[in-house]
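Enquirer: Here it is, the structure, as C-alpha cells.
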Amino acid sequence: MDHREALIAASTNRSNPSEAAPGIEVKGLSLTYPEEPNALTDINLSIPGGEVTAVIGPSGCGKSTLLRCFNRMNDMLEGCSYSGSIILNGLDVLDPATDVTALRRRVGMVFQQPNPFPMSIYENVAYGPRIGGVRRRRELDEVVESALRLAALWDEVKDQMNRNAIVLSLGQQQRLVIARAIAVRPEVLLMDEPASSLDPISTLRIEELIYELKQSYTIVIVTHNMQQAARVSDRTAFLNQGRVVEYDSTDKIFTNPAERATEDYITGRYG
C-alpha cells in the first residue's frame, strides 16, 4: 500500500474508501439569527457518500450558511438557533452534546480565499496531525507527503518544504489548504467557492482534484459558477431565500429541471 492508499484507507477506516465515505441526512433543518430570522427554512437533503453535491443559488440565498451547518461554524454567530437534524454516520451534528472540535476533524472545510498559516509548507500540513497527537517525525513525514500527493501538490513543493507557504501561488495555496484539511483524515470535505479567486488553469486543477478526492470523501461544494457545478458534481441543490427549490442529479437539474425557478436561475434569467 503506497502513501496515497494508506491515507485514503486511514481517512475512512475501511479497506475500500469509496464504499466507506458516509452520507449526510438533513431533516427539517431551519436556522435563524437576529439579522436573518429565516436564514434556512425546512431543509431536507439526502447527500450520498462518496459523491460531490453542489449547492447553487443567488447571492444571499443561504448556500454558505447551509454549508457551515455541517461543521457547526454557524455557532460563531451570536444568537444563532437551529432546529431539525443533520445525521453524519450516526452522529447528530446539531445535538448540543456533540463535541464540536471532534466534529470539525471529521468534517474539513476549504474557504473561498486560500488561508495558509504563516509557517512552512511542511508545518501547514503537519499542524492538524500534531494537534491530534502524532509526534514521531517519520509518521508526520508520511502523513504530510500523503496529503500533499492527494492534493496534487507534492511534486511542486517536495524540494521546498521549509519555505513559507505564503510564497506559493494562489492556486498552490488552495491545494495546500486542501492538503491541510485532509491530513487530519476527515470523512467529509466542505468547499465554499474554492476556485472563485483563482485563474482558469488553477481552477481546472482544483476541479480535477475534486474529482479525484470524491473517490475517498463525501464532498459538498458551494459555487456560483454554473459550469463548474455541472462539471464537478453528481447532485445539485438549488436554494433560494433559504429554502431548497429543487434537488436532483446534476444532469437532471441542468437539462430538465422540474421547477421553473430552477430553469430561470441556471439559464441566467435571474440571480
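Letters A, B, ... go to the chains of the C-alpha cells in the order shown; residues in each chain start at 1; ligands are counted from 1 in the same order.
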Could I get the residues of region 27-114 of chain A with an atom no further than 6 Å from an atom of region 242-264 of chain A, each paired with its nearest atom pair and that distance in Å to one decimal, using only C-alpha atoms, sorted by chain and residue number, as a tab-separated table?

Expert:
residue	atom	partner	partner_atom	distance
A:Ala39	CA	A:Gly242	CA	5.3
A:Leu40	CA	A:Gly242	CA	4.2
A:Thr41	CA	A:Arg243	CA	5.5
A:Cys61	CA	A:Gly242	CA	5.3
A:Gly62	CA	A:Gly242	CA	5.0

Enquirer: Quick one: residues within 8 Å of region 88-93 of chain A, only C-alpha atoms, excluding same-chain residues fewer than 5 positions away - as a PyMOL selection string?

Expert: chain A and resi 22-25+70-72+98+103

Enquirer: I need the chosen residues saved as a PDB file, in the first residue's frame, with C-alpha atoms.

Expert:
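Saved to result-v1.pdb:
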ATOM      1  CA  PRO A  22     -20.541   8.466   4.750  1.00  0.00           C
ATOM      2  CA  GLY A  23     -23.686  10.146   3.527  1.00  0.00           C
ATOM      3  CA  ILE A  24     -25.362  13.077   5.257  1.00  0.00           C
ATOM      4  CA  GLU A  25     -29.075  13.181   6.090  1.00  0.00           C
ATOM      5  CA  PHE A  70     -22.384  20.661   8.618  1.00  0.00           C
ATOM      6  CA  ASN A  71     -19.438  21.554  10.881  1.00  0.00           C
ATOM      7  CA  ARG A  72     -21.261  23.971  13.200  1.00  0.00           C
ATOM      8  CA  THR A  98     -21.844  16.881  20.141  1.00  0.00           C
ATOM      9  CA  LEU A 103     -16.801  17.106  14.583  1.00  0.00           C
TER      10      LEU A 103
END

Enquirer: As a PDB file with N, CA and C atoms, in the first residue's frame, please: the residues near Leu148 (chain A) (cut-off 12 Å, only C-alpha atoms, same-chain neighbours under 3 positions excluded).

Expert:
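Output contents, as saved in around_26.pdb:
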ATOM      1  N   HIS A   3       1.658   5.586  -0.098  1.00  0.00           N
ATOM      2  CA  HIS A   3       1.233   6.651   0.817  1.00  0.00           C
ATOM      3  C   HIS A   3      -0.192   7.088   0.548  1.00  0.00           C
ATOM      4  N   ARG A   4      -0.533   7.235  -0.736  1.00  0.00           N
ATOM      5  CA  ARG A   4      -1.875   7.711  -1.083  1.00  0.00           C
ATOM      6  C   ARG A   4      -2.936   6.725  -0.596  1.00  0.00           C
ATOM      7  N   LEU A   7      -3.304   6.764   3.238  1.00  0.00           N
ATOM      8  CA  LEU A   7      -4.056   7.890   3.779  1.00  0.00           C
ATOM      9  C   LEU A   7      -5.534   7.735   3.495  1.00  0.00           C
ATOM     10  N   ILE A 121       5.569  25.196   4.492  1.00  0.00           N
ATOM     11  CA  ILE A 121       4.654  24.286   3.801  1.00  0.00           C
ATOM     12  C   ILE A 121       4.470  23.017   4.631  1.00  0.00           C
ATOM     13  N   TYR A 122       5.590  22.478   5.111  1.00  0.00           N
ATOM     14  CA  TYR A 122       5.531  21.255   5.918  1.00  0.00           C
ATOM     15  C   TYR A 122       4.666  21.460   7.157  1.00  0.00           C
ATOM     16  N   ASN A 124       2.376  23.621   7.792  1.00  0.00           N
ATOM     17  CA  ASN A 124       0.961  23.812   7.491  1.00  0.00           C
ATOM     18  C   ASN A 124       0.221  22.480   7.483  1.00  0.00           C
ATOM     19  N   VAL A 125       0.814  21.491   6.815  1.00  0.00           N
ATOM     20  CA  VAL A 125       0.138  20.200   6.685  1.00  0.00           C
ATOM     21  C   VAL A 125       0.256  19.387   7.971  1.00  0.00           C
ATOM     22  N   ALA A 126       1.380  19.522   8.663  1.00  0.00           N
ATOM     23  CA  ALA A 126       1.610  18.739   9.886  1.00  0.00           C
ATOM     24  C   ALA A 126       0.844  19.290  11.086  1.00  0.00           C
ATOM     25  N   ASP A 141       6.108  12.800   8.600  1.00  0.00           N
ATOM     26  CA  ASP A 141       6.590  12.891   7.224  1.00  0.00           C
ATOM     27  C   ASP A 141       5.673  12.127   6.271  1.00  0.00           C
ATOM     28  N   GLU A 142       5.256  10.937   6.695  1.00  0.00           N
ATOM     29  CA  GLU A 142       4.396  10.123   5.836  1.00  0.00           C
ATOM     30  C   GLU A 142       3.028  10.768   5.641  1.00  0.00           C
ATOM     31  N   VAL A 143       2.481  11.312   6.726  1.00  0.00           N
ATOM     32  CA  VAL A 143       1.171  11.961   6.630  1.00  0.00           C
ATOM     33  C   VAL A 143       1.241  13.192   5.734  1.00  0.00           C
ATOM     34  N   VAL A 144       2.282  14.003   5.907  1.00  0.00           N
ATOM     35  CA  VAL A 144       2.436  15.220   5.109  1.00  0.00           C
ATOM     36  C   VAL A 144       2.581  14.874   3.634  1.00  0.00           C
ATOM     37  N   GLU A 145       3.458  13.908   3.328  1.00  0.00           N
ATOM     38  CA  GLU A 145       3.645  13.537   1.926  1.00  0.00           C
ATOM     39  C   GLU A 145       2.358  12.981   1.331  1.00  0.00           C
ATOM     40  N   ALA A 151      -3.451  15.970  -2.699  1.00  0.00           N
ATOM     41  CA  ALA A 151      -3.828  17.312  -3.144  1.00  0.00           C
ATOM     42  C   ALA A 151      -3.108  17.727  -4.423  1.00  0.00           C
ATOM     43  N   ALA A 152      -2.423  16.803  -5.054  1.00  0.00           N
ATOM     44  CA  ALA A 152      -1.724  17.045  -6.325  1.00  0.00           C
ATOM     45  C   ALA A 152      -0.732  18.193  -6.226  1.00  0.00           C
ATOM     46  N   LEU A 153      -0.024  18.263  -5.080  1.00  0.00           N
ATOM     47  CA  LEU A 153       0.926  19.354  -4.869  1.00  0.00           C
ATOM     48  C   LEU A 153       2.336  18.858  -4.572  1.00  0.00           C
ATOM     49  N   TRP A 154       2.494  17.588  -4.249  1.00  0.00           N
ATOM     50  CA  TRP A 154       3.770  17.067  -3.780  1.00  0.00           C
ATOM     51  C   TRP A 154       4.913  17.337  -4.756  1.00  0.00           C
ATOM     52  N   ASP A 155       4.689  17.045  -6.023  1.00  0.00           N
ATOM     53  CA  ASP A 155       5.772  17.193  -6.995  1.00  0.00           C
ATOM     54  C   ASP A 155       6.238  18.639  -7.131  1.00  0.00           C
ATOM     55  N   GLU A 156       5.369  19.592  -6.836  1.00  0.00           N
ATOM     56  CA  GLU A 156       5.712  21.005  -6.966  1.00  0.00           C
ATOM     57  C   GLU A 156       6.440  21.553  -5.738  1.00  0.00           C
ATOM     58  N   VAL A 157       6.274  20.929  -4.577  1.00  0.00           N
ATOM     59  CA  VAL A 157       6.823  21.523  -3.349  1.00  0.00           C
ATOM     60  C   VAL A 157       7.767  20.597  -2.585  1.00  0.00           C
ATOM     61  N   LYS A 158       7.992  19.383  -3.055  1.00  0.00           N
ATOM     62  CA  LYS A 158       8.746  18.410  -2.264  1.00  0.00           C
ATOM     63  C   LYS A 158      10.171  18.858  -1.953  1.00  0.00           C
ATOM     64  N   MET A 161      10.028  22.264   1.202  1.00  0.00           N
ATOM     65  CA  MET A 161       9.084  22.081   2.306  1.00  0.00           C
ATOM     66  C   MET A 161       9.277  23.079   3.438  1.00  0.00           C
ATOM     67  N   GLN A 172      -1.668  27.157  -5.754  1.00  0.00           N
ATOM     68  CA  GLN A 172      -0.909  26.242  -4.901  1.00  0.00           C
ATOM     69  C   GLN A 172      -1.338  26.375  -3.442  1.00  0.00           C
ATOM     70  N   GLN A 173      -1.587  27.593  -3.002  1.00  0.00           N
ATOM     71  CA  GLN A 173      -2.053  27.805  -1.631  1.00  0.00           C
ATOM     72  C   GLN A 173      -3.369  27.076  -1.385  1.00  0.00           C
ATOM     73  N   GLN A 174      -4.276  27.144  -2.357  1.00  0.00           N
ATOM     74  CA  GLN A 174      -5.570  26.478  -2.152  1.00  0.00           C
ATOM     75  C   GLN A 174      -5.398  24.969  -2.097  1.00  0.00           C
ATOM     76  N   ARG A 175      -4.511  24.414  -2.919  1.00  0.00           N
ATOM     77  CA  ARG A 175      -4.258  22.974  -2.834  1.00  0.00           C
ATOM     78  C   ARG A 175      -3.552  22.614  -1.532  1.00  0.00           C
ATOM     79  N   LEU A 176      -2.709  23.519  -1.032  1.00  0.00           N
ATOM     80  CA  LEU A 176      -2.078  23.290   0.269  1.00  0.00           C
ATOM     81  C   LEU A 176      -3.135  23.266   1.376  1.00  0.00           C
ATOM     82  N   VAL A 177      -4.089  24.175   1.297  1.00  0.00           N
ATOM     83  CA  VAL A 177      -5.163  24.206   2.288  1.00  0.00           C
ATOM     84  C   VAL A 177      -5.976  22.909   2.227  1.00  0.00           C
ATOM     85  N   ILE A 178      -6.202  22.405   1.020  1.00  0.00           N
ATOM     86  CA  ILE A 178      -6.897  21.122   0.890  1.00  0.00           C
ATOM     87  C   ILE A 178      -6.068  20.001   1.509  1.00  0.00           C
ATOM     88  N   ALA A 179      -4.750  20.017   1.261  1.00  0.00           N
ATOM     89  CA  ALA A 179      -3.869  19.025   1.885  1.00  0.00           C
ATOM     90  C   ALA A 179      -3.937  19.121   3.402  1.00  0.00           C
ATOM     91  N   ARG A 180      -3.941  20.337   3.915  1.00  0.00           N
ATOM     92  CA  ARG A 180      -4.034  20.530   5.365  1.00  0.00           C
ATOM     93  C   ARG A 180      -5.345  19.966   5.904  1.00  0.00           C
ATOM     94  N   ALA A 181      -6.422  20.145   5.135  1.00  0.00           N
ATOM     95  CA  ALA A 181      -7.721  19.642   5.584  1.00  0.00           C
ATOM     96  C   ALA A 181      -7.762  18.118   5.609  1.00  0.00           C
ATOM     97  N   ILE A 182      -7.195  17.471   4.587  1.00  0.00           N
ATOM     98  CA  ILE A 182      -7.290  16.012   4.537  1.00  0.00           C
ATOM     99  C   ILE A 182      -6.225  15.325   5.373  1.00  0.00           C
ATOM    100  N   ALA A 183      -5.224  16.070   5.839  1.00  0.00           N
ATOM    101  CA  ALA A 183      -4.175  15.466   6.668  1.00  0.00           C
ATOM    102  C   ALA A 183      -4.720  14.946   7.990  1.00  0.00           C
ATOM    103  N   LEU A 209      -8.907  17.907  -8.979  1.00  0.00           N
ATOM    104  CA  LEU A 209      -8.636  17.399  -7.633  1.00  0.00           C
ATOM    105  C   LEU A 209      -9.934  16.979  -6.947  1.00  0.00           C
TER     106      LEU A 209
END

Enquirer: If you run DSSP on the backbone here, which positions in region 34-256 of chain A get alpha helix (DSSP H)? Please write them as a ChimeraX atom specification.

Expert: /A:63-69,100-106,121-131,137-150,154-157,170-182,200-213,226-232,250-255

Enquirer: Would you kindly return, as a PyMOL selection string, each protein, DNA or RNA residue with an atom no farther than 9 Å from any atom of region 223-226 of chain A, considering only C-alpha atoms and excluding same-chain residues fewer than 6 positions away?

Expert: chain A and resi 54-59+63+191-196+254+266
